[in-house]
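Structure data follow from input_0.cif (mmCIF, C-alpha atoms):
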data_upload
#
loop_
_atom_site.group_PDB
_atom_site.id
_atom_site.type_symbol
_atom_site.label_atom_id
_atom_site.label_comp_id
_atom_site.auth_asym_id
_atom_site.auth_seq_id
_atom_site.Cartn_x
_atom_site.Cartn_y
_atom_site.Cartn_z
ATOM 1 C CA MET A 1 7.260 2.748 7.403
ATOM 2 C CA GLU A 2 7.372 -0.877 6.280
ATOM 3 C CA LEU A 3 4.625 -3.326 5.375
ATOM 4 C CA ARG A 4 5.158 -5.149 8.661
ATOM 5 C CA HIS A 5 4.115 -2.006 10.528
ATOM 6 C CA LEU A 6 0.833 -2.021 8.616
ATOM 7 C CA ARG A 7 0.323 -5.735 9.359
ATOM 8 C CA TYR A 8 0.949 -5.127 13.065
ATOM 9 C CA PHE A 9 -1.442 -2.179 13.134
ATOM 10 C CA VAL A 10 -4.199 -4.074 11.302
ATOM 11 C CA ALA A 11 -3.883 -6.995 13.729
ATOM 12 C CA VAL A 12 -4.220 -4.732 16.760
ATOM 13 C CA ALA A 13 -6.999 -2.661 15.154
ATOM 14 C CA GLU A 14 -9.060 -5.750 14.363
ATOM 15 C CA ILE A 15 -8.646 -7.433 17.753
ATOM 16 C CA LEU A 16 -8.304 -4.287 19.931
ATOM 17 C CA ASN A 17 -6.135 -6.229 22.322
ATOM 18 C CA PHE A 18 -2.324 -6.081 22.279
ATOM 19 C CA THR A 19 -1.854 -9.415 24.028
ATOM 20 C CA LYS A 20 -4.086 -11.354 21.615
ATOM 21 C CA ALA A 21 -2.689 -9.511 18.589
ATOM 22 C CA ALA A 22 0.879 -10.296 19.681
ATOM 23 C CA ALA A 23 0.006 -13.983 20.016
ATOM 24 C CA LYS A 24 -1.570 -13.979 16.554
ATOM 25 C CA LEU A 25 1.550 -12.357 15.100
ATOM 26 C CA HIS A 26 3.926 -14.588 17.108
ATOM 27 C CA LEU A 27 5.511 -11.506 18.679
ATOM 28 C CA ALA A 28 6.285 -10.492 22.223
ATOM 29 C CA GLN A 29 3.735 -7.948 23.427
ATOM 30 C CA PRO A 30 6.360 -5.278 24.323
ATOM 31 C CA SER A 31 7.791 -5.556 20.827
ATOM 32 C CA LEU A 32 4.356 -5.126 19.240
ATOM 33 C CA THR A 33 3.584 -2.143 21.468
ATOM 34 C CA ARG A 34 6.886 -0.535 20.501
ATOM 35 C CA GLN A 35 6.264 -1.109 16.774
ATOM 36 C CA ILE A 36 2.833 0.551 16.940
ATOM 37 C CA HIS A 37 4.299 3.452 18.885
ATOM 38 C CA ASN A 38 7.039 3.847 16.260
ATOM 39 C CA LEU A 39 4.408 3.867 13.496
ATOM 40 C CA GLU A 40 2.417 6.603 15.236
ATOM 41 C CA GLU A 41 5.559 8.651 15.781
ATOM 42 C CA GLU A 42 6.600 8.308 12.145
ATOM 43 C CA ILE A 43 3.296 9.497 10.695
ATOM 44 C CA GLY A 44 2.684 11.993 13.500
ATOM 45 C CA VAL A 45 -0.858 10.786 14.202
ATOM 46 C CA ARG A 46 -2.328 8.880 17.161
ATOM 47 C CA LEU A 47 -4.068 5.805 15.788
ATOM 48 C CA LEU A 48 -5.089 4.068 19.013
ATOM 49 C CA ASN A 49 -6.345 5.220 22.388
ATOM 50 C CA ARG A 50 -4.969 2.990 25.134
ATOM 51 C CA SER A 51 -6.058 2.532 28.728
ATOM 52 C CA LYS A 52 -5.606 -0.221 31.302
ATOM 53 C CA SER A 53 -9.006 -1.662 30.453
ATOM 54 C CA GLN A 54 -9.339 -1.233 26.711
ATOM 55 C CA VAL A 55 -7.852 -0.280 23.347
ATOM 56 C CA ALA A 56 -9.905 1.785 20.894
ATOM 57 C CA LEU A 57 -9.309 3.247 17.448
ATOM 58 C CA THR A 58 -9.167 6.999 17.069
ATOM 59 C CA GLU A 59 -11.029 8.613 14.172
ATOM 60 C CA GLU A 60 -7.708 8.816 12.321
ATOM 61 C CA GLY A 61 -7.037 5.191 13.174
ATOM 62 C CA ARG A 62 -10.322 4.063 11.627
ATOM 63 C CA ALA A 63 -9.493 5.907 8.397
ATOM 64 C CA PHE A 64 -5.929 4.564 8.382
ATOM 65 C CA LEU A 65 -7.188 0.994 8.888
ATOM 66 C CA VAL A 66 -9.082 1.145 5.579
ATOM 67 C CA ASP A 67 -5.976 2.346 3.738
ATOM 68 C CA ALA A 68 -3.688 -0.125 5.516
ATOM 69 C CA ARG A 69 -5.859 -3.061 4.467
ATOM 70 C CA ARG A 70 -5.894 -1.767 0.890
ATOM 71 C CA VAL A 71 -2.092 -1.385 0.784
ATOM 72 C CA LEU A 72 -1.548 -4.880 2.179
ATOM 73 C CA ALA A 73 -3.955 -6.342 -0.380
ATOM 74 C CA LEU A 74 -2.167 -4.494 -3.188
ATOM 75 C CA ALA A 75 1.200 -5.713 -1.887
ATOM 76 C CA THR A 76 -0.033 -9.304 -2.023
ATOM 77 C CA GLU A 77 -1.271 -8.768 -5.583
ATOM 78 C CA SER A 78 2.056 -7.194 -6.566
ATOM 79 C CA VAL A 79 4.002 -10.204 -5.266
ATOM 80 C CA GLN A 80 1.736 -12.536 -7.195
ATOM 81 C CA ALA A 81 2.093 -10.353 -10.281
ATOM 82 C CA VAL A 82 5.901 -10.492 -10.148
ATOM 83 C CA GLN A 83 5.744 -14.260 -9.729
ATOM 84 C CA HIS A 84 3.483 -14.506 -12.787
ATOM 85 C CA LEU A 85 5.781 -12.223 -14.785
ATOM 86 C CA SER A 86 8.876 -14.208 -13.776
ATOM 87 C CA GLY A 87 7.206 -17.451 -14.799
ATOM 88 C CA GLY A 88 6.552 -16.197 -18.318
ATOM 89 C CA GLU A 89 2.803 -16.692 -18.004
ATOM 90 C CA THR A 90 0.904 -16.010 -21.216
ATOM 91 C CA GLY A 91 -2.512 -14.463 -21.623
ATOM 92 C CA GLN A 92 -1.798 -11.625 -19.195
ATOM 93 C CA LEU A 93 -2.041 -7.873 -18.907
ATOM 94 C CA ASN A 94 0.507 -5.892 -16.914
ATOM 95 C CA ILE A 95 -0.820 -2.598 -15.551
ATOM 96 C CA ALA A 96 1.016 0.029 -13.516
ATOM 97 C CA TYR A 97 -0.445 2.640 -11.208
ATOM 98 C CA SER A 98 0.696 4.854 -8.332
ATOM 99 C CA SER A 99 -0.697 3.842 -4.946
ATOM 100 C CA ASN A 100 0.017 7.350 -3.623
ATOM 101 C CA PHE A 101 -2.378 8.791 -6.150
ATOM 102 C CA SER A 102 -5.019 6.368 -7.289
ATOM 103 C CA PHE A 103 -8.716 6.958 -7.799
ATOM 104 C CA GLU A 104 -11.905 4.975 -8.228
ATOM 105 C CA LEU A 105 -11.444 4.344 -11.953
ATOM 106 C CA LEU A 106 -8.713 1.709 -11.529
ATOM 107 C CA PRO A 107 -10.696 -0.885 -9.512
ATOM 108 C CA GLU A 108 -13.779 -0.184 -11.615
ATOM 109 C CA THR A 109 -11.999 -0.927 -14.906
ATOM 110 C CA LEU A 110 -10.198 -3.949 -13.481
ATOM 111 C CA GLY A 111 -13.498 -5.409 -12.311
ATOM 112 C CA ALA A 112 -15.091 -4.885 -15.707
ATOM 113 C CA PHE A 113 -12.100 -6.464 -17.469
ATOM 114 C CA ARG A 114 -12.056 -9.513 -15.180
ATOM 115 C CA GLN A 115 -15.744 -10.043 -15.788
ATOM 116 C CA ALA A 116 -15.388 -9.768 -19.580
ATOM 117 C CA PHE A 117 -12.094 -11.694 -19.875
ATOM 118 C CA PRO A 118 -11.829 -14.059 -16.885
ATOM 119 C CA HIS A 119 -9.009 -16.137 -18.405
ATOM 120 C CA THR A 120 -6.590 -13.218 -18.821
ATOM 121 C CA ALA A 121 -4.309 -12.721 -15.828
ATOM 122 C CA LEU A 122 -4.133 -9.149 -14.508
ATOM 123 C CA ASN A 123 -0.811 -8.153 -12.954
ATOM 124 C CA LEU A 124 -0.539 -4.862 -11.059
ATOM 125 C CA PHE A 125 2.641 -2.876 -10.400
ATOM 126 C CA ASP A 126 2.947 0.103 -8.049
ATOM 127 C CA LEU A 127 5.337 2.462 -9.861
ATOM 128 C CA THR A 128 6.045 6.184 -9.948
ATOM 129 C CA PRO A 129 5.208 7.927 -13.252
ATOM 130 C CA ALA A 130 8.910 7.978 -14.225
ATOM 131 C CA GLU A 131 9.204 4.245 -13.546
ATOM 132 C CA GLN A 132 6.065 3.662 -15.602
ATOM 133 C CA PHE A 133 7.484 5.533 -18.607
ATOM 134 C CA ARG A 134 10.687 3.471 -18.502
ATOM 135 C CA ALA A 135 8.747 0.214 -18.101
ATOM 136 C CA LEU A 136 6.464 1.124 -21.023
ATOM 137 C CA GLU A 137 9.419 1.926 -23.271
ATOM 138 C CA ALA A 138 11.026 -1.414 -22.347
ATOM 139 C CA ARG A 139 7.694 -3.267 -22.824
ATOM 140 C CA LYS A 140 7.823 -4.550 -19.235
ATOM 141 C CA ILE A 141 4.268 -3.325 -18.668
ATOM 142 C CA ASP A 142 1.377 -2.924 -21.079
ATOM 143 C CA LEU A 143 -0.349 0.175 -19.733
ATOM 144 C CA GLY A 144 0.305 2.813 -17.121
ATOM 145 C CA PHE A 145 -2.019 5.130 -15.224
ATOM 146 C CA VAL A 146 0.609 7.850 -15.531
ATOM 147 C CA GLY A 147 -1.442 10.912 -14.517
ATOM 148 C CA LEU A 148 0.237 13.828 -16.287
ATOM 149 C CA ARG A 149 0.871 13.761 -20.030
ATOM 150 C CA PRO A 150 4.137 11.959 -20.897
ATOM 151 C CA PRO A 151 6.974 14.423 -21.543
ATOM 152 C CA ALA A 152 8.379 14.908 -25.032
ATOM 153 C CA SER A 153 11.520 12.975 -24.093
ATOM 154 C CA THR A 154 9.644 9.664 -23.853
ATOM 155 C CA ARG A 155 10.036 7.408 -26.883
ATOM 156 C CA GLY A 156 7.462 5.309 -28.704
ATOM 157 C CA LEU A 157 4.550 5.951 -26.362
ATOM 158 C CA GLN A 158 0.924 6.670 -27.085
ATOM 159 C CA TRP A 159 -1.357 8.287 -24.542
ATOM 160 C CA GLU A 160 -4.891 9.476 -24.021
ATOM 161 C CA SER A 161 -6.712 11.623 -21.484
ATOM 162 C CA ILE A 162 -9.377 9.558 -19.751
ATOM 163 C CA ALA A 163 -10.632 11.988 -17.108
ATOM 164 C CA ARG A 164 -10.493 15.597 -15.967
ATOM 165 C CA HIS A 165 -10.029 16.303 -12.294
ATOM 166 C CA ARG A 166 -10.577 19.505 -10.397
ATOM 167 C CA THR A 167 -7.313 21.183 -9.399
ATOM 168 C CA VAL A 168 -6.974 22.356 -5.798
ATOM 169 C CA VAL A 169 -4.448 24.489 -3.975
ATOM 170 C CA VAL A 170 -2.793 22.788 -1.010
ATOM 171 C CA LEU A 171 -2.093 25.211 1.852
ATOM 172 C CA PRO A 172 -0.807 25.050 5.426
ATOM 173 C CA VAL A 173 -3.940 24.724 7.537
ATOM 174 C CA LYS A 174 -3.190 27.987 9.388
ATOM 175 C CA HIS A 175 -2.517 30.003 6.238
ATOM 176 C CA PRO A 176 -4.863 33.017 5.852
ATOM 177 C CA LEU A 177 -6.048 31.777 2.449
ATOM 178 C CA ALA A 178 -7.217 28.534 4.070
ATOM 179 C CA ARG A 179 -10.073 30.537 5.597
ATOM 180 C CA GLN A 180 -11.479 31.217 2.122
ATOM 181 C CA ARG A 181 -13.918 28.846 0.406
ATOM 182 C CA ARG A 182 -12.157 29.365 -2.936
ATOM 183 C CA VAL A 183 -8.744 30.783 -3.744
ATOM 184 C CA ASN A 184 -8.000 33.002 -6.715
ATOM 185 C CA LEU A 185 -5.009 31.609 -8.605
ATOM 186 C CA GLY A 186 -3.494 35.081 -8.835
ATOM 187 C CA ALA A 187 -3.386 35.276 -5.028
ATOM 188 C CA LEU A 188 -0.572 32.697 -5.120
ATOM 189 C CA LYS A 189 1.693 34.883 -7.276
ATOM 190 C CA THR A 190 3.961 36.086 -4.461
ATOM 191 C CA MET A 191 4.194 32.743 -2.668
ATOM 192 C CA PHE A 192 6.811 30.034 -2.769
ATOM 193 C CA PHE A 193 5.744 26.642 -4.151
ATOM 194 C CA VAL A 194 6.784 23.077 -3.478
ATOM 195 C CA GLY A 195 6.550 20.571 -6.308
ATOM 196 C CA MET A 196 7.083 16.997 -7.404
ATOM 197 C CA SER A 197 10.592 15.975 -8.433
ATOM 198 C CA GLU A 198 11.253 15.497 -12.130
ATOM 199 C CA LYS A 199 13.047 12.264 -11.163
ATOM 200 C CA THR A 200 9.764 10.652 -10.167
ATOM 201 C CA HIS A 201 7.151 12.880 -11.833
ATOM 202 C CA PRO A 202 8.570 14.143 -15.143
ATOM 203 C CA GLY A 203 6.527 16.976 -16.570
ATOM 204 C CA PHE A 204 5.216 18.258 -13.230
ATOM 205 C CA ARG A 205 7.078 21.572 -13.416
ATOM 206 C CA ASP A 206 5.822 22.185 -16.965
ATOM 207 C CA TRP A 207 2.260 21.424 -15.857
ATOM 208 C CA LEU A 208 2.562 23.725 -12.842
ATOM 209 C CA CYS A 209 3.904 26.585 -14.969
ATOM 210 C CA GLU A 210 1.198 26.083 -17.614
ATOM 211 C CA THR A 211 -1.490 26.091 -14.929
ATOM 212 C CA CYS A 212 -0.230 29.344 -13.390
ATOM 213 C CA GLN A 213 0.392 31.097 -16.720
ATOM 214 C CA PRO A 214 -3.217 32.379 -17.164
ATOM 215 C CA ALA A 215 -2.815 34.218 -13.831
ATOM 216 C CA GLY A 216 0.279 35.953 -15.186
ATOM 217 C CA PHE A 217 3.061 34.405 -13.139
ATOM 218 C CA THR A 218 5.623 31.619 -13.062
ATOM 219 C CA PRO A 219 5.650 29.732 -9.751
ATOM 220 C CA ARG A 220 8.816 29.950 -7.664
ATOM 221 C CA ILE A 221 9.511 26.363 -6.614
ATOM 222 C CA LEU A 222 11.498 26.233 -3.386
ATOM 223 C CA GLN A 223 11.570 22.485 -2.751
ATOM 224 C CA ASP A 224 10.880 19.238 -4.655
ATOM 225 C CA ALA A 225 9.354 16.068 -3.201
ATOM 226 C CA GLU A 226 9.899 12.609 -4.627
ATOM 227 C CA LEU A 227 6.522 11.246 -3.464
ATOM 228 C CA GLU A 228 3.149 12.773 -2.640
ATOM 229 C CA PRO A 229 3.238 12.180 1.159
ATOM 230 C CA ALA A 230 6.475 14.190 1.342
ATOM 231 C CA LEU A 231 4.827 16.953 -0.688
ATOM 232 C CA MET A 232 2.066 17.181 1.923
ATOM 233 C CA THR A 233 4.644 17.315 4.718
ATOM 234 C CA PHE A 234 6.516 20.177 3.026
ATOM 235 C CA VAL A 235 3.287 22.174 2.741
ATOM 236 C CA ALA A 236 2.332 21.442 6.354
ATOM 237 C CA GLU A 237 5.780 22.645 7.471
ATOM 238 C CA GLY A 238 5.268 25.940 5.665
ATOM 239 C CA LEU A 239 7.885 25.496 2.928
ATOM 240 C CA GLY A 240 5.371 26.543 0.293
ATOM 241 C CA VAL A 241 2.007 25.894 -1.313
ATOM 242 C CA THR A 242 1.268 23.635 -4.269
ATOM 243 C CA LEU A 243 -1.376 22.655 -6.801
ATOM 244 C CA ALA A 244 -2.632 19.115 -7.261
ATOM 245 C CA ARG A 245 -5.539 17.066 -8.520
ATOM 246 C CA GLU A 246 -8.321 16.876 -5.942
ATOM 247 C CA HIS A 247 -7.762 13.138 -5.387
ATOM 248 C CA ILE A 248 -4.674 13.992 -3.344
ATOM 249 C CA LYS A 249 -7.180 14.506 -0.512
ATOM 250 C CA ASN A 250 -7.359 10.721 -0.225
ATOM 251 C CA LEU A 251 -3.871 10.721 1.334
ATOM 252 C CA PRO A 252 -3.398 11.390 5.062
ATOM 253 C CA HIS A 253 -2.989 15.159 5.300
ATOM 254 C CA PRO A 254 -2.488 16.483 8.836
ATOM 255 C CA GLY A 255 -1.591 20.169 8.811
ATOM 256 C CA VAL A 256 -2.808 21.033 5.307
ATOM 257 C CA ALA A 257 -6.010 22.391 3.798
ATOM 258 C CA PHE A 258 -7.398 22.024 0.276
ATOM 259 C CA ARG A 259 -9.263 24.780 -1.512
ATOM 260 C CA PRO A 260 -10.680 24.840 -5.057
ATOM 261 C CA LEU A 261 -9.435 27.538 -7.391
ATOM 262 C CA ALA A 262 -11.469 30.441 -8.714
ATOM 263 C CA PRO A 263 -12.072 30.367 -11.586
ATOM 264 C CA PRO A 264 -12.114 26.548 -11.555
ATOM 265 C CA VAL A 265 -9.140 24.738 -13.084
ATOM 266 C CA LYS A 266 -9.220 21.135 -14.294
ATOM 267 C CA THR A 267 -6.323 18.811 -15.071
ATOM 268 C CA ASP A 268 -6.349 15.943 -17.565
ATOM 269 C CA TYR A 269 -5.521 12.460 -16.309
ATOM 270 C CA TYR A 270 -3.662 10.254 -18.803
ATOM 271 C CA ILE A 271 -3.065 6.603 -19.477
ATOM 272 C CA ALA A 272 -0.133 5.585 -21.693
ATOM 273 C CA TRP A 273 1.060 2.522 -23.573
ATOM 274 C CA ASN A 274 3.742 1.548 -26.081
ATOM 275 C CA ARG A 275 2.478 2.215 -29.588
ATOM 276 C CA ASP A 276 4.200 -0.970 -30.847
ATOM 277 C CA ASN A 277 2.350 -3.142 -28.344
ATOM 278 C CA ASP A 278 -0.209 -5.138 -30.339
ATOM 279 C CA SER A 279 -1.535 -7.097 -27.347
ATOM 280 C CA ARG A 280 -5.210 -7.927 -27.834
ATOM 281 C CA ALA A 281 -5.733 -7.827 -24.071
ATOM 282 C CA LEU A 282 -4.301 -4.292 -23.984
ATOM 283 C CA GLN A 283 -6.657 -3.030 -26.673
ATOM 284 C CA GLN A 284 -9.606 -4.644 -24.911
ATOM 285 C CA TYR A 285 -8.677 -2.985 -21.646
ATOM 286 C CA ILE A 286 -8.218 0.438 -23.280
ATOM 287 C CA GLU A 287 -11.718 0.129 -24.768
ATOM 288 C CA ILE A 288 -13.157 -0.693 -21.347
ATOM 289 C CA VAL A 289 -11.400 2.346 -19.852
ATOM 290 C CA LYS A 290 -12.728 4.604 -22.617
ATOM 291 C CA ASN A 291 -16.271 3.278 -22.279
ATOM 292 C CA LEU A 292 -16.320 3.741 -18.509
ATOM 293 C CA THR A 293 -14.870 7.268 -18.644
ATOM 294 C CA ALA A 294 -16.742 8.633 -21.667
ATOM 295 C CA PRO A 295 -19.598 10.184 -19.611
ATOM 296 C CA VAL A 296 -17.217 12.008 -17.222
ATOM 297 C CA ALA A 297 -14.245 12.864 -19.413
ATOM 298 C CA SER A 298 -15.714 16.019 -20.925
#
For this file, write the structure as structure tokens.
Amino acid sequence: MELRHLRYFVAVAEILNFTKAAAKLHLAQPSLTRQIHNLEEEIGVRLLNRSKSQVALTEEGRAFLVDARRVLALATESVQAVQHLSGGETGQLNIAYSSNFSFELLPETLGAFRQAFPHTALNLFDLTPAEQFRALEARKIDLGFVGLRPPASTRGLQWESIARHRTVVVLPVKHPLARQRRVNLGALKTMFFVGMSEKTHPGFRDWLCETCQPAGFTPRILQDAELEPALMTFVAEGLGVTLAREHIKNLPHPGVAFRPLAPPVKTDYYIAWNRDNDSRALQQYIEIVKNLTAPVAS
């Protein structure tokens, strides 16, 4: 899936007319129709209901429209951020996050920072945790919303937990355990797991093993995924189950079910920065993050 597919879908979803949307996009209507069909085939979800008289969004299409607009807006900001970085602009703060696993704290802290420091440019970069660690070590970014605690192999970084999220088990929707309201962690002992690749999410395997240790077992990981959407696909296809922070529910998840663990398990969410970075803007932003998360980071 490419950004152009999202642009095409948003145009059709907003106008609900292929002919008018094609004219707006300067495309031939058959080409636009084919592109939308290819998008639906790739994600395995029908986004639009078509008839001779009208085009309407499905329930999944309405949800996808919100995310598509957000991704396109973030892409525009990322392009502008790279242009700012290339131009050597001063008075800026470079922040990395993962669009596949973001939560409400990021826009909230950015809004508070912009209001308090309107003359400091904020540049956003969509990077995997591994890319964030490398960029932090090289001082290419100031702060990363890295998620899991940085592994011991990272050099010169400082980090802090800013939130604790409920951990859920991700199951195939037809799995017997999906019928339960809560799943005992020990019930997963005999199952195969799928996990995040150490290439993109260093430390995931250690976190998974530490989480399962109180239940007396080490998870047997059958398959690794490089990105979260692939992880969901592996679970839906029955390759295994997995554990994740509850915010993974924000991703499209056909074929999978989420259940809280019993007893409840929570996972720390970390930010990280280079300890040699003495940027005043960075310290101001870290203080804003701490102040906004203090009531919920217990």
Nearest to A:Leu48 by atom-to-atom distance, counting only C-alpha atoms, from A:Thr218, A:Ser99, A:Thr33, A:Asn184: A:Thr33
Picked residues, the PyMOL selection byres ((chain A and resi 238-240) around 10), as a PyMOL selection string: chain A and resi 170-175+191-195+220-223+231+233-237+241-242+255-256
Among listed residues A:Ile36, A:Leu72, A:Met196, A:Ile43, nearest A:Glu228 (using all atoms listed in the file):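 Smallest distance to A:Glu228 is found for A:Met196.
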Residues of stretch 39-120 of chain A within 9 Å of stretch 270-282 of chain A: nearest atom pair and distance (Å, one decimal) for each, counting all atoms listed in the file, sorted by chain and number, as a tab-separated table?
residue	atom	partner	partner_atom	distance
A:Gly91	CA	A:Ala281	CA	7.8
A:Gln92	CA	A:Ala281	CA	7.3
A:Leu93	CA	A:Ala281	CA	6.3
A:Asn94	CA	A:Leu282	CA	8.7
A:Phe117	CA	A:Ala281	CA	8.5
A:Thr120	CA	A:Ala281	CA	7.6
Atom pair atom CA of A:Thr211 / atom CA of A:Leu143: separation (Å):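 About the pair atom CA of A:Thr211 and atom CA of A:Leu143: they are 26.4 Å apart.
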Distance query A:Val66 at most 12 Å, only C-alpha atoms, self and fewer than 4 positions along chain excluded, as a count of residues only: 16
Top pick for closest residue to A:Ile162, considering A:Lys189, A:His37, A:Lys290, A:Arg259 and counting only C-alpha atoms: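 Checking each of A:Lys189, A:His37, A:Lys290, A:Arg259 against A:Ile162, counting only C-alpha atoms, the winner is A:Lys290.
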Output of the PyMOL selection byres ((chain A and resi 217) around 12), listed as a ChimeraX atom specification: /A:185-192,208-216,218-220
Residue IDs satisfying the PyMOL selection byres ((chain A and resi 163) around 6), as a ChimeraX atom specification: /A:161-162,164,268-269,297
Residue among A:Asn291, A:Thr167, A:Asn17, A:Ser153 lying closest to A:Gly203, counting all atoms listed in the file: A:Ser153
Your completed stretch 21-40 of chain A with N, CA and C atoms, as a compact mmCIF listing (two decimals), in the coordinates of the input:
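Written output follows (out37.txt):
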# COMPACT_ATOMS: atom_id res chain seq x y z
N ALA A 21 -3.29 -9.83 19.89
CA ALA A 21 -2.69 -9.51 18.59
C ALA A 21 -1.25 -10.00 18.54
N ALA A 22 -0.52 -9.83 19.64
CA ALA A 22 0.88 -10.30 19.68
C ALA A 22 0.95 -11.81 19.51
N ALA A 23 0.03 -12.52 20.16
CA ALA A 23 0.01 -13.98 20.02
C ALA A 23 -0.30 -14.39 18.58
N LYS A 24 -1.23 -13.67 17.94
CA LYS A 24 -1.57 -13.98 16.55
C LYS A 24 -0.38 -13.75 15.64
N LEU A 25 0.41 -12.71 15.95
CA LEU A 25 1.55 -12.36 15.10
C LEU A 25 2.83 -13.09 15.49
N HIS A 26 2.75 -13.88 16.59
CA HIS A 26 3.93 -14.59 17.11
C HIS A 26 5.01 -13.59 17.50
N LEU A 27 4.60 -12.53 18.18
CA LEU A 27 5.51 -11.51 18.68
C LEU A 27 5.36 -11.38 20.18
N ALA A 28 6.41 -10.86 20.82
CA ALA A 28 6.28 -10.49 22.22
C ALA A 28 5.47 -9.21 22.31
N GLN A 29 4.60 -9.12 23.33
CA GLN A 29 3.74 -7.95 23.43
C GLN A 29 4.52 -6.64 23.51
N PRO A 30 5.61 -6.55 24.29
CA PRO A 30 6.36 -5.28 24.32
C PRO A 30 6.88 -4.87 22.95
N SER A 31 7.30 -5.86 22.16
CA SER A 31 7.79 -5.56 20.83
C SER A 31 6.68 -5.00 19.94
N LEU A 32 5.49 -5.61 20.03
CA LEU A 32 4.36 -5.13 19.24
C LEU A 32 3.97 -3.71 19.67
N THR A 33 3.93 -3.48 20.97
CA THR A 33 3.58 -2.14 21.47
C THR A 33 4.57 -1.11 20.96
N ARG A 34 5.85 -1.46 20.98
CA ARG A 34 6.89 -0.54 20.50
C ARG A 34 6.74 -0.26 19.01
N GLN A 35 6.41 -1.28 18.22
CA GLN A 35 6.26 -1.11 16.77
C GLN A 35 5.09 -0.18 16.45
N ILE A 36 3.99 -0.33 17.17
CA ILE A 36 2.83 0.55 16.94
C ILE A 36 3.17 1.98 17.36
N HIS A 37 3.88 2.11 18.45
CA HIS A 37 4.30 3.45 18.89
C HIS A 37 5.21 4.10 17.84
N ASN A 38 6.14 3.32 17.29
CA ASN A 38 7.04 3.85 16.26
C ASN A 38 6.27 4.29 15.02
N LEU A 39 5.24 3.50 14.66
CA LEU A 39 4.41 3.87 13.50
C LEU A 39 3.70 5.20 13.74
N GLU A 40 3.11 5.36 14.91
CA GLU A 40 2.42 6.60 15.24
C GLU A 40 3.38 7.79 15.24
